[in-house]
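Source file model.txt; content: compact mmCIF, C-alpha atoms.
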# COMPACT_ATOMS: atom_id res chain seq x y z
CA MET A 1 78.89 131.85 118.53
CA LYS A 2 77.33 131.99 115.08
CA ASN A 3 75.40 129.10 113.57
CA PHE A 4 77.29 126.92 111.12
CA ALA A 5 75.94 124.91 108.20
CA ALA A 6 77.97 121.84 109.14
CA TYR A 7 79.42 120.39 112.34
CA LEU A 8 82.16 117.79 112.66
CA PHE A 9 82.26 116.08 116.05
CA ASP A 10 85.00 114.19 117.79
CA LEU A 11 83.69 111.22 119.81
CA ASP A 12 85.74 110.43 122.94
CA GLY A 13 85.65 113.32 125.39
CA THR A 14 83.25 115.31 123.21
CA LEU A 15 80.07 113.29 122.77
CA VAL A 16 80.79 110.46 125.19
CA ASP A 17 82.80 110.00 128.37
CA SER A 18 84.72 106.92 127.31
CA LYS A 19 87.45 107.04 129.94
CA PRO A 20 86.46 103.95 131.98
CA GLY A 21 86.65 101.55 129.03
CA ILE A 22 89.78 103.10 127.55
CA VAL A 23 91.68 103.12 130.84
CA ASP A 24 90.68 99.55 131.71
CA SER A 25 91.79 98.31 128.26
CA LEU A 26 94.99 100.33 128.41
CA LYS A 27 96.01 99.00 131.82
CA TYR A 28 95.27 95.46 130.63
CA ALA A 29 97.49 95.87 127.54
CA LEU A 30 100.37 97.52 129.42
CA SER A 31 100.40 94.79 132.06
CA PHE A 32 101.81 92.37 129.47
CA TYR A 33 104.91 94.56 129.34
CA GLY A 34 105.33 94.89 133.09
CA ILE A 35 103.91 98.41 133.22
CA ILE A 36 101.48 99.26 136.01
CA GLU A 37 100.25 102.73 135.12
CA ASN A 38 98.31 104.79 137.66
CA ASP A 39 99.36 108.29 136.63
CA GLU A 40 96.02 110.01 135.93
CA GLU A 41 97.50 112.66 133.65
CA LYS A 42 99.34 110.09 131.57
CA LEU A 43 96.25 107.88 131.30
CA ASN A 44 94.15 110.85 130.20
CA SER A 45 96.66 111.61 127.46
CA PHE A 46 95.58 108.41 125.70
CA ILE A 47 92.01 109.65 125.28
CA GLY A 48 91.76 111.23 121.86
CA PRO A 49 94.88 110.47 119.79
CA PRO A 50 95.55 107.05 118.21
CA ILE A 51 96.74 104.55 120.83
CA HIS A 52 99.93 103.56 119.00
CA ILE A 53 101.02 107.19 118.77
CA SER A 54 100.42 107.69 122.50
CA MET A 55 102.45 104.56 123.23
CA PHE A 56 105.44 106.11 121.49
CA ASN A 57 104.93 109.51 123.13
CA ASN A 58 104.56 108.13 126.65
CA TYR A 59 106.85 105.11 126.70
CA GLY A 60 109.09 105.43 123.65
CA PHE A 61 107.81 102.16 122.19
CA ASP A 62 109.03 101.56 118.63
CA GLU A 63 106.47 101.03 115.86
CA GLN A 64 106.36 97.25 116.19
CA LYS A 65 105.96 97.28 119.97
CA SER A 66 103.40 100.10 119.78
CA MET A 67 101.27 98.08 117.36
CA GLU A 68 101.62 94.94 119.51
CA VAL A 69 100.30 96.69 122.63
CA THR A 70 97.60 98.35 120.52
CA MET A 71 96.35 94.94 119.40
CA ARG A 72 96.16 93.77 123.04
CA TYR A 73 94.33 96.99 123.89
CA ARG A 74 91.81 96.45 121.08
CA GLN A 75 91.19 92.86 122.10
CA ARG A 76 90.19 93.95 125.60
CA TYR A 77 88.33 97.01 124.33
CA ALA A 78 86.23 95.02 121.86
CA GLU A 79 85.36 92.42 124.50
CA LYS A 80 84.65 94.71 127.45
CA GLY A 81 85.62 98.36 127.18
CA ILE A 82 83.71 99.58 124.15
CA PHE A 83 80.44 100.21 125.98
CA GLN A 84 82.01 101.29 129.28
CA CYS A 85 81.09 104.86 128.44
CA ALA A 86 78.23 107.34 128.79
CA VAL A 87 76.83 110.11 126.60
CA PHE A 88 77.60 113.52 128.03
CA PRO A 89 74.59 115.50 129.34
CA LYS A 90 73.03 117.74 126.63
CA ALA A 91 74.92 116.01 123.82
CA LYS A 92 71.95 114.16 122.38
CA ASP A 93 69.69 117.20 122.69
CA ALA A 94 72.26 119.34 120.88
CA LEU A 95 72.55 116.87 118.01
CA LYS A 96 68.77 116.73 117.73
CA VAL A 97 68.41 120.52 117.54
CA LEU A 98 71.24 120.89 115.01
CA ALA A 99 69.68 118.20 112.83
CA GLU A 100 66.29 119.92 113.03
CA ARG A 101 67.94 123.15 111.88
CA GLY A 102 69.14 121.33 108.78
CA ALA A 103 72.84 121.32 109.62
CA SER A 104 75.08 118.62 108.18
CA ILE A 105 76.47 116.55 111.05
CA CYS A 106 79.57 114.38 110.75
CA LEU A 107 81.60 112.25 113.11
CA ALA A 108 85.35 112.84 112.76
CA THR A 109 87.16 110.53 115.16
CA SER A 110 90.55 108.86 115.44
CA LYS A 111 88.83 105.85 117.02
CA PRO A 112 88.55 102.92 114.58
CA GLN A 113 85.36 103.38 112.61
CA ILE A 114 83.91 99.98 113.50
CA TYR A 115 84.02 100.92 117.22
CA ALA A 116 82.70 104.44 116.64
CA GLU A 117 79.67 103.24 114.70
CA SER A 118 78.88 100.62 117.33
CA ILE A 119 78.94 103.23 120.11
CA LEU A 120 76.73 105.67 118.20
CA LYS A 121 74.23 102.91 117.47
CA ARG A 122 74.24 101.59 121.05
CA PHE A 123 73.46 105.00 122.54
CA GLY A 124 70.92 106.11 119.94
CA LEU A 125 73.08 108.76 118.28
CA LYS A 126 73.82 107.27 114.87
CA GLY A 127 70.67 108.59 113.22
CA TYR A 128 71.76 112.20 113.69
CA PHE A 129 74.86 111.82 111.52
CA ASN A 130 75.00 112.42 107.79
CA PHE A 131 78.50 110.96 107.57
CA ILE A 132 80.79 108.99 109.87
CA GLN A 133 84.54 108.89 109.45
CA GLY A 134 86.83 107.01 111.80
CA ALA A 135 90.32 105.57 111.60
CA ASP A 136 91.26 102.29 109.98
CA MET A 137 92.42 99.33 112.04
CA ALA A 138 95.90 99.37 110.47
CA GLY A 139 96.74 102.74 111.99
CA LYS A 140 97.58 104.22 108.58
CA PHE A 141 94.52 106.49 108.36
CA CYS A 142 94.24 108.10 111.77
CA GLU A 143 95.54 111.67 111.58
CA LYS A 144 92.85 114.20 112.47
CA PHE A 145 93.59 116.34 109.40
CA ASP A 146 92.98 113.37 107.09
CA ILE A 147 89.77 112.43 108.88
CA ILE A 148 88.43 115.99 108.82
CA THR A 149 89.35 116.36 105.15
CA ALA A 150 87.52 113.13 104.34
CA CYS A 151 84.34 114.48 105.96
CA VAL A 152 84.58 117.79 104.13
CA SER A 153 85.15 116.02 100.81
CA ALA A 154 82.42 113.41 101.28
CA LEU A 155 79.67 116.02 101.76
CA SER A 156 81.27 118.82 99.70
CA LEU A 157 81.14 121.10 102.75
CA ASP A 158 81.83 124.82 102.61
CA LYS A 159 84.87 125.23 104.88
CA ASN A 160 83.81 128.76 105.82
CA LYS A 161 80.55 127.39 107.20
CA THR A 162 81.94 124.27 108.92
CA LEU A 163 82.94 123.87 112.58
CA MET A 164 85.02 121.10 114.12
CA VAL A 165 84.12 120.31 117.74
CA GLY A 166 86.53 118.37 119.94
CA ASP A 167 88.25 118.22 123.33
CA ARG A 168 91.94 117.82 122.45
CA LYS A 169 94.64 119.83 120.70
CA TYR A 170 94.62 117.27 117.90
CA ASP A 171 91.09 118.35 116.97
CA VAL A 172 92.09 122.01 116.92
CA LEU A 173 95.33 121.52 115.00
CA GLY A 174 93.68 119.19 112.48
CA ALA A 175 90.89 121.69 111.88
CA LYS A 176 93.28 124.60 111.44
CA LEU A 177 95.36 122.60 108.96
CA ALA A 178 92.16 121.72 107.07
CA GLY A 179 91.12 125.38 106.97
CA ILE A 180 88.07 125.27 109.22
CA LYS A 181 87.25 126.74 112.63
CA CYS A 182 87.24 124.65 115.81
CA ALA A 183 85.38 124.79 119.10
CA GLY A 184 87.12 123.11 122.03
CA VAL A 185 84.91 121.53 124.69
CA LEU A 186 85.92 121.40 128.35
CA CYS A 187 83.91 118.30 129.27
CA GLY A 188 86.68 116.12 127.86
CA TYR A 189 90.37 115.65 128.58
CA GLY A 190 92.31 118.46 126.93
CA GLY A 191 91.43 121.37 129.20
CA ARG A 192 91.30 125.09 128.56
CA ALA A 193 95.07 125.63 128.51
CA GLU A 194 95.67 122.91 125.90
CA LEU A 195 92.81 124.05 123.68
CA SER A 196 93.72 127.73 123.87
CA ALA A 197 97.41 127.05 123.21
CA ALA A 198 96.45 125.04 120.11
CA GLY A 199 94.45 128.02 118.82
CA ALA A 200 90.81 127.01 119.34
CA ASP A 201 88.44 129.63 117.89
CA TYR A 202 85.95 128.98 120.69
CA VAL A 203 86.15 127.23 124.06
CA ILE A 204 82.84 125.95 125.46
CA GLU A 205 81.78 123.83 128.42
CA ASN A 206 79.96 121.21 126.34
CA ILE A 207 78.25 120.88 122.98
CA GLY A 208 74.98 122.09 124.46
CA GLU A 209 76.41 125.59 124.05
CA LEU A 210 76.34 125.18 120.27
CA ILE A 211 72.59 125.71 120.33

In structure tokens, write the structure found in this file.
Amino acid sequence: MKNFAAYLFDLDGTLVDSKPGIVDSLKYALSFYGIIENDEEKLNSFIGPPIHISMFNNYGFDEQKSMEVTMRYRQRYAEKGIFQCAVFPKAKDALKVLAERGASICLATSKPQIYAESILKRFGLKGYFNFIQGADMAGKFCEKFDIITACVSALSLDKNKTLMVGDRKYDVLGAKLAGIKCAGVLCGYGGRAELSAAGADYVIENIGELI
């Protein structure tokens, strides 16, 4: 893989293993609606895309109900789940090396920005980022294409020299729509089949392979 001038990173499943906190908060929120979810594949599908969209995809919840359960999820997540995560091995070292090389480093996540910044700060990663773009709390600005485009615009990045790095098809599809290449990482929750089917330009084990 060639070196790029700029790197856009997803957060959940790419830089941090956030599954414990997300799953705990999700089960808590669903319990109010009489849903006891233990299907591992279905639970994993919530890691990456906006929660309210996953609610519709998995349970057919209408917009109002999806936002209601999302608010219960966020309440639990803010109180307990947010720091129930761990930085993936080699992630911090990779960010350090890329920063030392002079690359522009951005966070491009569908997680609400307030949560994303708190996680980066808690685990000593925030200082490596030139720009951080997350979703809004209203669920109106959460599509990966919009988030990627905001990063590119904010730093006036050359699309031909920019790489999106993420673990789900949403990262790949958003990058392709934005006109940049994407590397899919296997340490997260999409898997090789999902990433390849979406058209990832590269598939790597973890972000350590970027260096």

(Q) List the spatial neighbours of A:Pro89 as a PyMOL selection string - criterion: any atom at most 12 Å away, all atoms listed in the file, same-chain residues fewer than 4 positions off excluded. (A) chain A and resi 13-17+93-95+187+205-209

Keeping only C-alpha atoms, write the selected residues to a file as a PDB file, in the coordinates of the input.
ATOM      1  CA  GLY A  13      85.650 113.320 125.390  1.00  0.00           C
ATOM      2  CA  THR A  14      83.250 115.310 123.210  1.00  0.00           C
ATOM      3  CA  LEU A  15      80.070 113.290 122.770  1.00  0.00           C
ATOM      4  CA  VAL A  16      80.790 110.460 125.190  1.00  0.00           C
ATOM      5  CA  ASP A  17      82.800 110.000 128.370  1.00  0.00           C
ATOM      6  CA  ASP A  93      69.690 117.200 122.690  1.00  0.00           C
ATOM      7  CA  ALA A  94      72.260 119.340 120.880  1.00  0.00           C
ATOM      8  CA  LEU A  95      72.550 116.870 118.010  1.00  0.00           C
ATOM      9  CA  CYS A 187      83.910 118.300 129.270  1.00  0.00           C
ATOM     10  CA  GLU A 205      81.780 123.830 128.420  1.00  0.00           C
ATOM     11  CA  ASN A 206      79.960 121.210 126.340  1.00  0.00           C
ATOM     12  CA  ILE A 207      78.250 120.880 122.980  1.00  0.00           C
ATOM     13  CA  GLY A 208      74.980 122.090 124.460  1.00  0.00           C
ATOM     14  CA  GLU A 209      76.410 125.590 124.050  1.00  0.00           C
TER      15      GLU A 209
END

What are the nearest atom pairs, with distances in Å to one decimal, for all residues of stretch 149-174 of chain A that come at most 9 Å from stretch 121-137 of chain A, using all atoms listed in the file, set out by chain and rising residue number as JSON lines?
{"residue": "A:Ala150", "atom": "CA", "partner": "A:Gln133", "partner_atom": "CA", "distance": 7.3}
{"residue": "A:Cys151", "atom": "CA", "partner": "A:Gln133", "partner_atom": "CA", "distance": 6.6}
{"residue": "A:Ala154", "atom": "CA", "partner": "A:Phe131", "partner_atom": "CA", "distance": 7.8}
{"residue": "A:Leu155", "atom": "CA", "partner": "A:Phe131", "partner_atom": "CA", "distance": 7.8}

Could you give me, as CSV, every stretch 35-116 of chain A residue with an atom at most 8 Å from stretch 9-12 of chain A, plus its closest atom pair and distance in Å to one decimal, counting all atoms listed in the file, rows ordered by chain then number?
residue,atom,partner,partner_atom,distance
A:Ile47,CA,A:Asp12,CA,6.7
A:Gly48,CA,A:Asp12,CA,6.2
A:Ile105,CA,A:Phe9,CA,7.7
A:Cys106,CA,A:Phe9,CA,6.2
A:Leu107,CA,A:Phe9,CA,4.9
A:Ala108,CA,A:Asp10,CA,5.2
A:Thr109,CA,A:Asp10,CA,5.0
A:Lys111,CA,A:Leu11,CA,7.9
A:Ala116,CA,A:Leu11,CA,7.5

Q) Do you have the atom CA of A:Met67-atom CA of A:Thr149 distance handy? A)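 These atoms are spaced 25.0 Å apart.
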
Q: For A:Glu68, please output as a PyMOL selection string all residues within 10 Å (counting only C-alpha atoms; exclusion window: fewer than 5 positions along the same chain).
A: chain A and resi 29+52+61-63+73

Mind checking which residues fall within 12 Å of A:Tyr59, counting only C-alpha atoms, ignoring those fewer than 5 positions away in the same chain, and posting them as a PDB file with C-alpha atoms, in the frame of the given file?
ATOM      1  CA  LEU A  30     100.370  97.520 129.420  1.00  0.00           C
ATOM      2  CA  TYR A  33     104.910  94.560 129.340  1.00  0.00           C
ATOM      3  CA  ILE A  35     103.910  98.410 133.220  1.00  0.00           C
ATOM      4  CA  GLU A  37     100.250 102.730 135.120  1.00  0.00           C
ATOM      5  CA  LYS A  42      99.340 110.090 131.570  1.00  0.00           C
ATOM      6  CA  LEU A  43      96.250 107.880 131.300  1.00  0.00           C
ATOM      7  CA  PHE A  46      95.580 108.410 125.700  1.00  0.00           C
ATOM      8  CA  ILE A  51      96.740 104.550 120.830  1.00  0.00           C
ATOM      9  CA  HIS A  52      99.930 103.560 119.000  1.00  0.00           C
ATOM     10  CA  ILE A  53     101.020 107.190 118.770  1.00  0.00           C
ATOM     11  CA  SER A  54     100.420 107.690 122.500  1.00  0.00           C
ATOM     12  CA  LYS A  65     105.960  97.280 119.970  1.00  0.00           C
ATOM     13  CA  SER A  66     103.400 100.100 119.780  1.00  0.00           C
ATOM     14  CA  VAL A  69     100.300  96.690 122.630  1.00  0.00           C
TER      15      VAL A  69
END

Q: Could you check which of A:Asn38, A:Ser45, A:Ser118, A:Ser196 is closest to A:Ile82, using only C-alpha atoms?
A: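 Residue with the minimum atom-to-atom distance to A:Ile82: A:Ser118.
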
Q | Spatial neighbours of A:Arg76, 8 Å, all atoms listed in the file, chain gap at least 3 places, as a ChimeraX atom specification | A | /A:25,28-29,72-73,79-81

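Non-sequential neighbours of A:Ala6 (distance at most 10 Å, separation of 3 or more positions within a chain, all atoms listed in the file) are Asn3, Phe9, Leu98, Ala99, Gly102, Ala103, Ser104, Ile105, Cys106, Asn130, Val152, Leu155, Leu157, Asp158, Lys159, Asn160, Lys161, Thr162, Leu163 and Met164 of chain A.
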
Filtering to C-alpha atoms, could you give me those residues as a PDB file, keeping the file's coordinate frame?
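Saved as out.pdb:
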ATOM      1  CA  ASN A   3      75.400 129.100 113.570  1.00  0.00           C
ATOM      2  CA  PHE A   9      82.260 116.080 116.050  1.00  0.00           C
ATOM      3  CA  LEU A  98      71.240 120.890 115.010  1.00  0.00           C
ATOM      4  CA  ALA A  99      69.680 118.200 112.830  1.00  0.00           C
ATOM      5  CA  GLY A 102      69.140 121.330 108.780  1.00  0.00           C
ATOM      6  CA  ALA A 103      72.840 121.320 109.620  1.00  0.00           C
ATOM      7  CA  SER A 104      75.080 118.620 108.180  1.00  0.00           C
ATOM      8  CA  ILE A 105      76.470 116.550 111.050  1.00  0.00           C
ATOM      9  CA  CYS A 106      79.570 114.380 110.750  1.00  0.00           C
ATOM     10  CA  ASN A 130      75.000 112.420 107.790  1.00  0.00           C
ATOM     11  CA  VAL A 152      84.580 117.790 104.130  1.00  0.00           C
ATOM     12  CA  LEU A 155      79.670 116.020 101.760  1.00  0.00           C
ATOM     13  CA  LEU A 157      81.140 121.100 102.750  1.00  0.00           C
ATOM     14  CA  ASP A 158      81.830 124.820 102.610  1.00  0.00           C
ATOM     15  CA  LYS A 159      84.870 125.230 104.880  1.00  0.00           C
ATOM     16  CA  ASN A 160      83.810 128.760 105.820  1.00  0.00           C
ATOM     17  CA  LYS A 161      80.550 127.390 107.200  1.00  0.00           C
ATOM     18  CA  THR A 162      81.940 124.270 108.920  1.00  0.00           C
ATOM     19  CA  LEU A 163      82.940 123.870 112.580  1.00  0.00           C
ATOM     20  CA  MET A 164      85.020 121.100 114.120  1.00  0.00           C
TER      21      MET A 164
END

Q. Which residue gives the smallest distance to A:Asn44 among A:Pro20, A:Pro112, A:Gly184, A:Gly174, with all atoms listed in the file counted?
A.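 Answer, going by the shortest atom-to-atom distance: A:Pro20.
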
Q. Hey, which of A:Ser18, A:Ser110, A:Gln64, A:Gln75 ends up closest to A:Lys144? Count all atoms listed in the file.
A. A:Ser110

Could I see stretch 155-166 of chain A restored to all heavy atoms, set down as a PDB file, keeping the file's coordinate frame?
ATOM      1  N   LEU A 155      80.923 115.271 101.826  1.00  0.00           N
ATOM      2  CA  LEU A 155      79.670 116.020 101.760  1.00  0.00           C
ATOM      3  C   LEU A 155      79.827 117.358 101.029  1.00  0.00           C
ATOM      4  O   LEU A 155      78.894 118.164 101.023  1.00  0.00           O
ATOM      5  CB  LEU A 155      79.121 116.256 103.166  1.00  0.00           C
ATOM      6  CG  LEU A 155      78.725 115.006 103.956  1.00  0.00           C
ATOM      7  CD1 LEU A 155      78.152 115.394 105.312  1.00  0.00           C
ATOM      8  CD2 LEU A 155      77.728 114.155 103.189  1.00  0.00           C
ATOM      9  N   SER A 156      80.998 117.569 100.420  1.00  0.00           N
ATOM     10  CA  SER A 156      81.270 118.820  99.700  1.00  0.00           C
ATOM     11  C   SER A 156      80.938 120.033 100.572  1.00  0.00           C
ATOM     12  O   SER A 156      80.215 120.953 100.151  1.00  0.00           O
ATOM     13  CB  SER A 156      80.476 118.870  98.386  1.00  0.00           C
ATOM     14  OG  SER A 156      80.821 117.792  97.532  1.00  0.00           O
ATOM     15  N   LEU A 157      81.458 120.050 101.784  1.00  0.00           N
ATOM     16  CA  LEU A 157      81.140 121.100 102.750  1.00  0.00           C
ATOM     17  C   LEU A 157      81.872 122.399 102.429  1.00  0.00           C
ATOM     18  O   LEU A 157      83.004 122.383 101.946  1.00  0.00           O
ATOM     19  CB  LEU A 157      81.507 120.640 104.163  1.00  0.00           C
ATOM     20  CG  LEU A 157      80.826 119.366 104.669  1.00  0.00           C
ATOM     21  CD1 LEU A 157      81.334 119.022 106.066  1.00  0.00           C
ATOM     22  CD2 LEU A 157      79.309 119.520 104.676  1.00  0.00           C
ATOM     23  N   ASP A 158      81.221 123.506 102.714  1.00  0.00           N
ATOM     24  CA  ASP A 158      81.830 124.820 102.610  1.00  0.00           C
ATOM     25  C   ASP A 158      82.679 125.029 103.875  1.00  0.00           C
ATOM     26  O   ASP A 158      82.140 125.103 104.982  1.00  0.00           O
ATOM     27  CB  ASP A 158      80.745 125.895 102.513  1.00  0.00           C
ATOM     28  CG  ASP A 158      81.311 127.307 102.338  1.00  0.00           C
ATOM     29  OD1 ASP A 158      82.505 127.524 102.613  1.00  0.00           O
ATOM     30  OD2 ASP A 158      80.534 128.197 101.961  1.00  0.00           O
ATOM     31  N   LYS A 159      83.991 125.125 103.717  1.00  0.00           N
ATOM     32  CA  LYS A 159      84.870 125.230 104.880  1.00  0.00           C
ATOM     33  C   LYS A 159      84.577 126.469 105.722  1.00  0.00           C
ATOM     34  O   LYS A 159      84.773 126.462 106.939  1.00  0.00           O
ATOM     35  CB  LYS A 159      86.333 125.249 104.428  1.00  0.00           C
ATOM     36  CG  LYS A 159      86.819 123.929 103.854  1.00  0.00           C
ATOM     37  CD  LYS A 159      88.302 123.993 103.534  1.00  0.00           C
ATOM     38  CE  LYS A 159      88.807 122.674 102.995  1.00  0.00           C
ATOM     39  NZ  LYS A 159      90.264 122.713 102.705  1.00  0.00           N
ATOM     40  N   ASN A 160      84.109 127.524 105.087  1.00  0.00           N
ATOM     41  CA  ASN A 160      83.810 128.760 105.820  1.00  0.00           C
ATOM     42  C   ASN A 160      82.563 128.636 106.687  1.00  0.00           C
ATOM     43  O   ASN A 160      82.320 129.491 107.531  1.00  0.00           O
ATOM     44  CB  ASN A 160      83.637 129.925 104.838  1.00  0.00           C
ATOM     45  CG  ASN A 160      84.923 130.280 104.125  1.00  0.00           C
ATOM     46  OD1 ASN A 160      85.995 130.268 104.719  1.00  0.00           O
ATOM     47  ND2 ASN A 160      84.821 130.568 102.830  1.00  0.00           N
ATOM     48  N   LYS A 161      81.787 127.583 106.450  1.00  0.00           N
ATOM     49  CA  LYS A 161      80.550 127.390 107.200  1.00  0.00           C
ATOM     50  C   LYS A 161      80.564 126.084 107.989  1.00  0.00           C
ATOM     51  O   LYS A 161      79.521 125.556 108.357  1.00  0.00           O
ATOM     52  CB  LYS A 161      79.348 127.409 106.243  1.00  0.00           C
ATOM     53  CG  LYS A 161      79.183 128.724 105.495  1.00  0.00           C
ATOM     54  CD  LYS A 161      77.993 128.672 104.543  1.00  0.00           C
ATOM     55  CE  LYS A 161      77.822 129.989 103.790  1.00  0.00           C
ATOM     56  NZ  LYS A 161      76.684 129.926 102.825  1.00  0.00           N
ATOM     57  N   THR A 162      81.777 125.558 108.242  1.00  0.00           N
ATOM     58  CA  THR A 162      81.940 124.270 108.920  1.00  0.00           C
ATOM     59  C   THR A 162      82.726 124.455 110.215  1.00  0.00           C
ATOM     60  O   THR A 162      83.722 125.176 110.247  1.00  0.00           O
ATOM     61  CB  THR A 162      82.663 123.266 108.003  1.00  0.00           C
ATOM     62  OG1 THR A 162      81.898 123.079 106.814  1.00  0.00           O
ATOM     63  CG2 THR A 162      82.852 121.926 108.699  1.00  0.00           C
ATOM     64  N   LEU A 163      82.289 123.789 111.270  1.00  0.00           N
ATOM     65  CA  LEU A 163      82.940 123.870 112.580  1.00  0.00           C
ATOM     66  C   LEU A 163      83.309 122.482 113.070  1.00  0.00           C
ATOM     67  O   LEU A 163      82.476 121.585 113.109  1.00  0.00           O
ATOM     68  CB  LEU A 163      82.004 124.527 113.595  1.00  0.00           C
ATOM     69  CG  LEU A 163      82.570 124.709 115.016  1.00  0.00           C
ATOM     70  CD1 LEU A 163      83.642 125.803 115.031  1.00  0.00           C
ATOM     71  CD2 LEU A 163      81.447 125.062 115.999  1.00  0.00           C
ATOM     72  N   MET A 164      84.580 122.314 113.449  1.00  0.00           N
ATOM     73  CA  MET A 164      85.020 121.100 114.120  1.00  0.00           C
ATOM     74  C   MET A 164      84.829 121.279 115.617  1.00  0.00           C
ATOM     75  O   MET A 164      85.115 122.350 116.166  1.00  0.00           O
ATOM     76  CB  MET A 164      86.508 120.839 113.824  1.00  0.00           C
ATOM     77  CG  MET A 164      87.109 119.629 114.546  1.00  0.00           C
ATOM     78  SD  MET A 164      86.426 118.069 113.963  1.00  0.00           S
ATOM     79  CE  MET A 164      86.688 117.013 115.406  1.00  0.00           C
ATOM     80  N   VAL A 165      84.349 120.242 116.292  1.00  0.00           N
ATOM     81  CA  VAL A 165      84.120 120.310 117.740  1.00  0.00           C
ATOM     82  C   VAL A 165      84.849 119.138 118.391  1.00  0.00           C
ATOM     83  O   VAL A 165      84.589 117.975 118.066  1.00  0.00           O
ATOM     84  CB  VAL A 165      82.617 120.246 118.072  1.00  0.00           C
ATOM     85  CG1 VAL A 165      82.405 120.436 119.576  1.00  0.00           C
ATOM     86  CG2 VAL A 165      81.830 121.286 117.274  1.00  0.00           C
ATOM     87  N   GLY A 166      85.779 119.437 119.295  1.00  0.00           N
ATOM     88  CA  GLY A 166      86.530 118.370 119.940  1.00  0.00           C
ATOM     89  C   GLY A 166      87.131 118.828 121.259  1.00  0.00           C
ATOM     90  O   GLY A 166      87.059 120.002 121.608  1.00  0.00           O
TER      91      GLY A 166
END
